[in-house]
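Enquirer: File follows, my_file-v4.txt with compact mmCIF, C-alpha atoms:
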# COMPACT_ATOMS: atom_id res chain seq x y z
CA MET A 1 -17.06 2.24 0.39
CA TYR A 2 -17.61 5.87 -0.60
CA ILE A 3 -15.63 6.92 -3.70
CA ILE A 4 -15.18 10.60 -4.63
CA LYS A 5 -13.91 11.09 -8.20
CA LEU A 6 -12.37 14.44 -9.09
CA ASN A 7 -10.93 15.81 -12.32
CA ALA A 8 -8.17 17.98 -10.82
CA ILE A 9 -7.11 18.81 -7.27
CA ASP A 10 -4.03 20.02 -5.43
CA SER A 11 -3.65 16.77 -3.45
CA THR A 12 -6.00 13.91 -2.61
CA ASN A 13 -4.39 13.63 0.84
CA THR A 14 -5.04 17.33 1.46
CA TYR A 15 -8.68 16.87 0.38
CA LEU A 16 -9.14 14.14 3.00
CA LYS A 17 -7.28 16.15 5.65
CA ASP A 18 -9.76 18.98 5.10
CA MET A 19 -12.60 16.50 5.61
CA VAL A 20 -10.96 15.17 8.78
CA SER A 21 -10.67 18.70 10.18
CA VAL A 22 -14.48 18.87 10.20
CA ALA A 23 -15.35 15.29 11.20
CA LEU A 24 -13.90 11.82 10.73
CA PRO A 25 -15.02 10.52 7.32
CA SER A 26 -16.68 7.14 6.89
CA ASP A 27 -14.40 4.13 6.87
CA TYR A 28 -12.88 3.58 3.42
CA THR A 29 -13.74 6.98 2.04
CA VAL A 30 -11.77 7.06 -1.23
CA VAL A 31 -10.69 10.14 -3.19
CA VAL A 32 -9.51 9.61 -6.79
CA ALA A 33 -8.16 12.41 -8.99
CA GLU A 34 -7.38 12.40 -12.71
CA THR A 35 -4.59 14.85 -11.98
CA GLN A 36 -2.92 16.33 -8.89
CA ILE A 37 -1.45 19.81 -9.06
CA LYS A 38 0.56 19.43 -5.87
CA GLY A 39 0.94 15.70 -5.41
CA ARG A 40 3.34 14.84 -2.60
CA GLY A 41 5.67 11.95 -1.83
CA GLN A 42 7.85 11.03 1.12
CA MET A 43 9.71 13.88 2.88
CA GLY A 44 8.05 16.60 0.78
CA ALA A 45 9.08 15.21 -2.62
CA LYS A 46 6.81 16.14 -5.52
CA TRP A 47 4.94 13.26 -7.16
CA GLN A 48 4.81 13.51 -10.96
CA ALA A 49 1.94 11.90 -12.87
CA GLU A 50 0.61 12.46 -16.38
CA LYS A 51 -3.09 13.39 -16.41
CA GLY A 52 -5.44 10.46 -16.90
CA LYS A 53 -2.70 7.84 -17.16
CA ASN A 54 -2.21 6.81 -13.55
CA LEU A 55 -3.94 6.33 -10.22
CA THR A 56 -3.64 9.15 -7.69
CA VAL A 57 -5.71 8.06 -4.74
CA SER A 58 -6.20 8.64 -1.03
CA VAL A 59 -8.15 6.38 1.31
CA PHE A 60 -9.35 7.18 4.82
CA LYS A 61 -9.23 4.21 7.20
CA ARG A 62 -10.53 4.37 10.73
CA LEU A 63 -8.06 2.73 13.12
CA SER A 64 -8.95 2.73 16.77
CA SER A 65 -7.37 -0.62 17.63
CA LEU A 66 -3.73 0.32 16.93
CA ASN A 67 -1.41 1.95 19.42
CA ILE A 68 0.61 5.01 18.40
CA ASN A 69 3.86 3.03 18.55
CA GLU A 70 2.42 0.57 16.01
CA GLN A 71 1.97 3.13 13.23
CA PHE A 72 4.47 1.51 10.88
CA TYR A 73 2.24 -1.56 10.65
CA ILE A 74 -0.13 0.63 8.61
CA SER A 75 2.69 1.31 6.14
CA MET A 76 3.53 -2.39 5.96
CA ALA A 77 -0.10 -3.41 5.41
CA VAL A 78 -0.56 -0.84 2.63
CA SER A 79 2.70 -1.85 0.92
CA LEU A 80 1.68 -5.50 1.00
CA ALA A 81 -1.80 -4.72 -0.34
CA ILE A 82 -0.41 -2.87 -3.36
CA TYR A 83 2.22 -5.57 -3.89
CA LYS A 84 -0.52 -8.24 -3.89
CA ALA A 85 -2.73 -6.20 -6.24
CA LEU A 86 0.13 -5.77 -8.73
CA SER A 87 0.88 -9.49 -8.47
CA ALA A 88 -2.70 -10.15 -9.60
CA PHE A 89 -1.89 -8.26 -12.81
CA LYS A 90 1.25 -10.36 -13.36
CA ILE A 91 3.74 -7.53 -12.81
CA PRO A 92 7.15 -9.26 -12.54
CA GLN A 93 9.97 -9.00 -10.00
CA LEU A 94 8.00 -7.02 -7.43
CA ARG A 95 9.72 -5.83 -4.28
CA ILE A 96 9.14 -3.28 -1.52
CA LYS A 97 11.87 -0.68 -1.12
CA TRP A 98 11.95 0.52 2.48
CA PRO A 99 9.87 2.14 3.74
CA ASN A 100 7.09 1.77 1.17
CA ASP A 101 8.05 2.22 -2.50
CA ILE A 102 6.85 -0.57 -4.76
CA LEU A 103 9.38 -1.66 -7.40
CA SER A 104 9.42 -3.95 -10.41
CA ALA A 105 13.06 -5.03 -10.62
CA GLU A 106 14.78 -1.69 -9.80
CA TYR A 107 12.03 0.52 -11.31
CA LYS A 108 9.58 2.42 -9.12
CA LEU A 109 5.89 1.87 -9.87
CA CYS A 110 4.23 3.23 -6.77
CA GLY A 111 4.88 5.71 -3.98
CA ILE A 112 2.91 5.81 -0.75
CA LEU A 113 2.33 8.72 1.64
CA ILE A 114 0.61 7.92 4.93
CA GLU A 115 -0.57 10.67 7.28
CA ASN A 116 -2.04 9.44 10.53
CA VAL A 117 -4.78 11.23 12.43
CA ILE A 118 -3.92 11.44 16.13
CA LYS A 119 -5.99 13.19 18.79
CA ASN A 120 -5.24 13.24 22.52
CA ASN A 121 -2.40 10.77 21.90
CA ILE A 122 -4.86 8.27 20.38
CA LEU A 123 -4.64 7.03 16.80
CA GLN A 124 -8.03 7.69 15.22
CA GLY A 125 -7.41 6.90 11.59
CA SER A 126 -5.07 7.07 8.66
CA ILE A 127 -5.01 8.96 5.37
CA ILE A 128 -3.39 6.58 2.90
CA GLY A 129 -2.21 8.27 -0.27
CA PHE A 130 -0.67 6.41 -3.17
CA GLY A 131 0.44 7.24 -6.68
CA LEU A 132 0.52 4.18 -8.94
CA ASN A 133 1.97 4.48 -12.44
CA VAL A 134 -0.46 2.54 -14.64
CA ASN A 135 -0.39 3.58 -18.32
CA GLN A 136 2.15 6.41 -18.45
CA LYS A 137 4.84 5.91 -21.12
CA PHE A 138 7.33 8.75 -20.55
CA PHE A 139 8.94 10.04 -17.34
CA ASN A 140 10.98 13.23 -17.64
CA ASN A 141 14.25 13.11 -15.68
CA LEU A 142 13.09 10.11 -13.66
CA PRO A 143 15.29 7.24 -14.87
CA GLN A 144 14.16 4.92 -12.07
CA ALA A 145 10.42 5.40 -12.72
CA SER A 146 8.28 3.05 -14.77
CA SER A 147 4.64 1.97 -15.12
CA MET A 148 2.64 -1.23 -15.27
CA SER A 149 2.09 -0.70 -19.00
CA LEU A 150 5.75 0.03 -19.78
CA ILE A 151 6.79 -3.18 -18.06
CA THR A 152 4.22 -5.54 -19.59
CA GLY A 153 3.09 -3.79 -22.79
CA VAL A 154 -0.54 -4.01 -21.64
CA ILE A 155 -2.92 -1.02 -21.41
CA TYR A 156 -4.79 -1.38 -18.11
CA ASN A 157 -8.28 -0.37 -17.04
CA LYS A 158 -7.57 1.97 -14.14
CA ASP A 159 -10.89 1.20 -12.42
CA GLU A 160 -10.03 -2.51 -12.40
CA VAL A 161 -6.60 -1.79 -10.93
CA LEU A 162 -8.12 0.49 -8.27
CA SER A 163 -10.74 -2.12 -7.38
CA GLU A 164 -8.05 -4.76 -6.86
CA VAL A 165 -5.96 -2.40 -4.69
CA LEU A 166 -8.97 -1.50 -2.53
CA ASN A 167 -9.92 -5.17 -2.10
CA GLN A 168 -6.38 -6.00 -1.01
CA LEU A 169 -6.33 -3.03 1.38
CA LYS A 170 -9.46 -4.38 3.04
CA SER A 171 -7.90 -7.84 3.34
CA TYR A 172 -4.69 -6.59 4.90
CA PHE A 173 -6.46 -4.23 7.31
CA GLU A 174 -8.55 -7.19 8.47
CA ILE A 175 -5.29 -9.01 9.24
CA LEU A 176 -3.97 -5.92 11.02
CA GLU A 177 -7.13 -5.41 13.07
CA ALA A 178 -7.04 -9.09 14.06
CA LYS A 179 -3.65 -8.27 15.66
CA ASN A 180 -1.71 -10.62 13.38
CA HIS A 181 1.25 -8.26 13.46
CA THR A 182 3.85 -11.00 13.21
CA ASP A 183 2.41 -12.25 9.91
CA ILE A 184 2.43 -8.77 8.39
CA LYS A 185 5.99 -7.99 9.50
CA SER A 186 7.30 -11.37 8.33
CA GLU A 187 5.70 -11.03 4.88
CA TYR A 188 6.94 -7.44 4.53
CA GLU A 189 10.53 -8.33 5.45
CA LYS A 190 10.62 -11.21 2.94
CA LEU A 191 9.76 -8.75 0.16
CA LEU A 192 12.28 -6.04 1.08
CA PHE A 193 14.34 -4.84 -1.87
CA ARG A 194 18.01 -5.93 -1.54
CA LYS A 195 17.43 -7.77 1.74
CA ASP A 196 20.48 -9.91 2.64
CA LYS A 197 22.46 -8.49 -0.32
CA PRO A 198 25.61 -6.37 -0.01
CA SER A 199 24.49 -2.79 -0.68
CA THR A 200 25.77 0.77 -0.45
CA PHE A 201 24.07 3.46 1.63
CA SER A 202 24.56 7.14 2.36
CA ASP A 203 24.00 8.72 5.76
CA PHE A 204 22.61 12.18 6.60
CA ASN A 205 26.11 13.63 6.06
CA ASN A 206 26.14 12.15 2.52
CA GLN A 207 28.90 9.74 3.55
CA SER A 208 28.57 6.38 1.80
CA PHE A 209 29.07 3.07 3.58
CA PRO A 210 28.50 -0.63 2.81
CA GLY A 211 25.94 -2.75 4.61
CA ILE A 212 23.36 -5.50 4.34
CA ILE A 213 19.64 -5.01 5.05
CA LYS A 214 18.51 -7.56 7.64
CA GLY A 215 15.00 -6.37 8.44
CA ILE A 216 13.10 -3.68 10.32
CA THR A 217 12.15 -2.89 13.89
CA ASP A 218 8.51 -2.84 15.02
CA SER A 219 8.59 0.95 14.76
CA GLY A 220 9.83 0.81 11.17
CA GLN A 221 13.53 1.54 11.50
CA LEU A 222 15.77 -0.19 8.97
CA GLN A 223 18.19 -2.77 10.41
CA VAL A 224 21.53 -2.81 8.58
CA TRP A 225 24.45 -5.13 9.24
CA THR A 226 27.51 -2.91 8.95
CA GLU A 227 31.25 -3.35 8.40
CA ASP A 228 31.98 -3.49 12.12
CA GLU A 229 29.73 -6.59 12.30
CA ILE A 230 26.94 -5.04 14.30
CA ILE A 231 23.36 -4.39 13.28
CA LYS A 232 22.51 -0.69 13.36
CA THR A 233 19.04 0.83 13.09
CA PHE A 234 18.20 3.89 11.00
CA ASP A 235 15.21 6.20 10.62
CA LEU A 236 14.05 7.41 7.21
CA LYS A 237 15.94 10.71 7.37
CA GLU A 238 19.16 9.02 8.51
CA ILE A 239 19.87 6.69 5.60
CA LYS A 240 19.41 6.28 1.85
CA LEU A 241 19.90 3.11 -0.17
CA LEU A 242 22.12 3.95 -3.15
CA TYR A 243 22.48 0.51 -4.77
Represent the structure contained in this file as structure tokens.

Expert:
Amino acid sequence: MYIIKLNAIDSTNTYLKDMVSVALPSDYTVVVAETQIKGRGQMGAKWQAEKGKNLTVSVFKRLSSLNINEQFYISMAVSLAIYKALSAFKIPQLRIKWPNDILSAEYKLCGILIENVIKNNILQGSIIGFGLNVNQKFFNNLPQASSMSLITGVIYNKDEVLSEVLNQLKSYFEILEAKNHTDIKSEYEKLLFRKDKPSTFSDFNNQSFPGIIKGITDSGQLQVWTEDEIIKTFDLKEIKLLY
């Protein structure tokens, strides 16, 4: 495992993308930054993190055994790895909010941004970026954000937390590369936030509607049981869980 530690950078994912543009990095090349100037989340959202308090990390994983239509299994494996790592530090009430936010109760601890490297319609690898709130105490205008330290009162050693996350990533990618897709999907669905609970969603027209999360498709679409008693599937841009 090759770890690159940086003081400040625009984005750890961008750093790895620049490396990929020259040649595929070694498996498990890790980039860690004390601060990101242009950290990114899902759908172009900006990721906020106080300097030196959290983990802002990107990992390059070579993936030649997965088909393009199996890309969401990468997201599931990464979500489960971070969930398992946080469990090792006794973080309570952990859940995965579709597609890959990690929550403690209803508070967001970690966001994940995965950018896959595809050439000639073949999946070559994945750039796995994650921002994990470790010791930050204050979040401006982010009422749903929290950190490991805020939840437990413990100040964590960031290197220890990173080591545990990387070990769990290795474990889950071994499961993935062994083609145990059913196990990964089953474990992921069991941990879905608000699964089997009446919830409210909004669609891409900002119209709200009730429904119940039942699971996901193999390609990562959310399956929601709706008022008209049918299960509908939604992509990320088509639906938002309100509560």

Enquirer: Within 8 Å of (11.1, -13.2, -10.4) (file coordinates; all atoms listed in the file), which protein or nucleic acid residues are there? I'd like them as JSON, numbers by chain.

Expert: {"A": [92, 93, 94]}

Enquirer: Counting all atoms listed in the file, which of A:Lys17, A:Ile216, A:Met148, A:His181 gets nearest to Ala88 of chain A?

Expert: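 Checking each candidate against Ala88 of chain A, we get A:Met148 as the closest.
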
Enquirer: Which is closest to Phe173 of chain A among A:Ala105, A:Tyr15, A:Thr56, A:Gly125, if we use all atoms listed in the file?

Expert: A:Gly125

Enquirer: Go through segment 63-167 of chain A residue by residue and, counting only C-alpha atoms, keep those with an atom at most 12 Å from segment 22-32 of chain A; for each kept residue give the shortest atom pair and its distance in Å to one decimal, ordered by chain and increasing number, as CSV.

Expert:
residue,atom,partner,partner_atom,distance
A:Leu63,CA,A:Asp27,CA,9.0
A:Ser64,CA,A:Asp27,CA,11.4
A:Val117,CA,A:Leu24,CA,9.3
A:Ile118,CA,A:Leu24,CA,11.4
A:Lys119,CA,A:Leu24,CA,11.4
A:Gln124,CA,A:Leu24,CA,8.5
A:Gly125,CA,A:Leu24,CA,8.2
A:Ser126,CA,A:Asp27,CA,9.9
A:Ile127,CA,A:Thr29,CA,9.6
A:Ile128,CA,A:Val30,CA,9.4
A:Gly129,CA,A:Val31,CA,9.2
A:Phe130,CA,A:Val32,CA,10.1
A:Gly131,CA,A:Val32,CA,10.2
A:Leu132,CA,A:Val32,CA,11.6
A:Lys158,CA,A:Val32,CA,10.8
A:Asp159,CA,A:Val32,CA,10.2
A:Leu162,CA,A:Val32,CA,9.3
A:Ser163,CA,A:Val30,CA,11.1
A:Val165,CA,A:Val30,CA,11.6
A:Leu166,CA,A:Tyr28,CA,8.7
A:Asn167,CA,A:Tyr28,CA,10.8

Enquirer: Neighbouring residues of Thr182 of chain A were defined as those with any atom within 10 Å, considering all atoms listed in the file; residues of the same chain fewer than 6 positions away were excluded. Please report them as a PDB file with C-alpha atoms, in the coordinates of the input.

Expert:
ATOM      1  CA  TYR A  73       2.240  -1.560  10.650  1.00  0.00           C
ATOM      2  CA  LEU A 176      -3.970  -5.920  11.020  1.00  0.00           C
ATOM      3  CA  TYR A 188       6.940  -7.440   4.530  1.00  0.00           C
ATOM      4  CA  ASP A 218       8.510  -2.840  15.020  1.00  0.00           C
TER       5      ASP A 218
END

Enquirer: Just give me the gap between atom CA of Thr35 of chain A and atom CA of Thr12 of chain A in Å, one decimal is fine.

Expert: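 Answer for the atom CA of Thr35 of chain A to atom CA of Thr12 of chain A separation: 9.5 Å.
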
Enquirer: Grab all the atoms of segment 19-35 of chain A that the file lists, wrap them in a box along x, y and z, add 4 Å per side, and give me centre plus edge lengths in Å (one decimal) as lines of an AutoDock Vina configuration file.

Expert:
center_x = -10.6
center_y = 11.2
center_z = -0.8
size_x = 20.1
size_y = 23.3
size_z = 31.9

Enquirer: One decimal, in Å: what's the spacing between atom CA of Lys214 of chain A and atom CA of Glu227 of chain A?

Expert: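 Computing it gives 13.4 Å between the two atoms.
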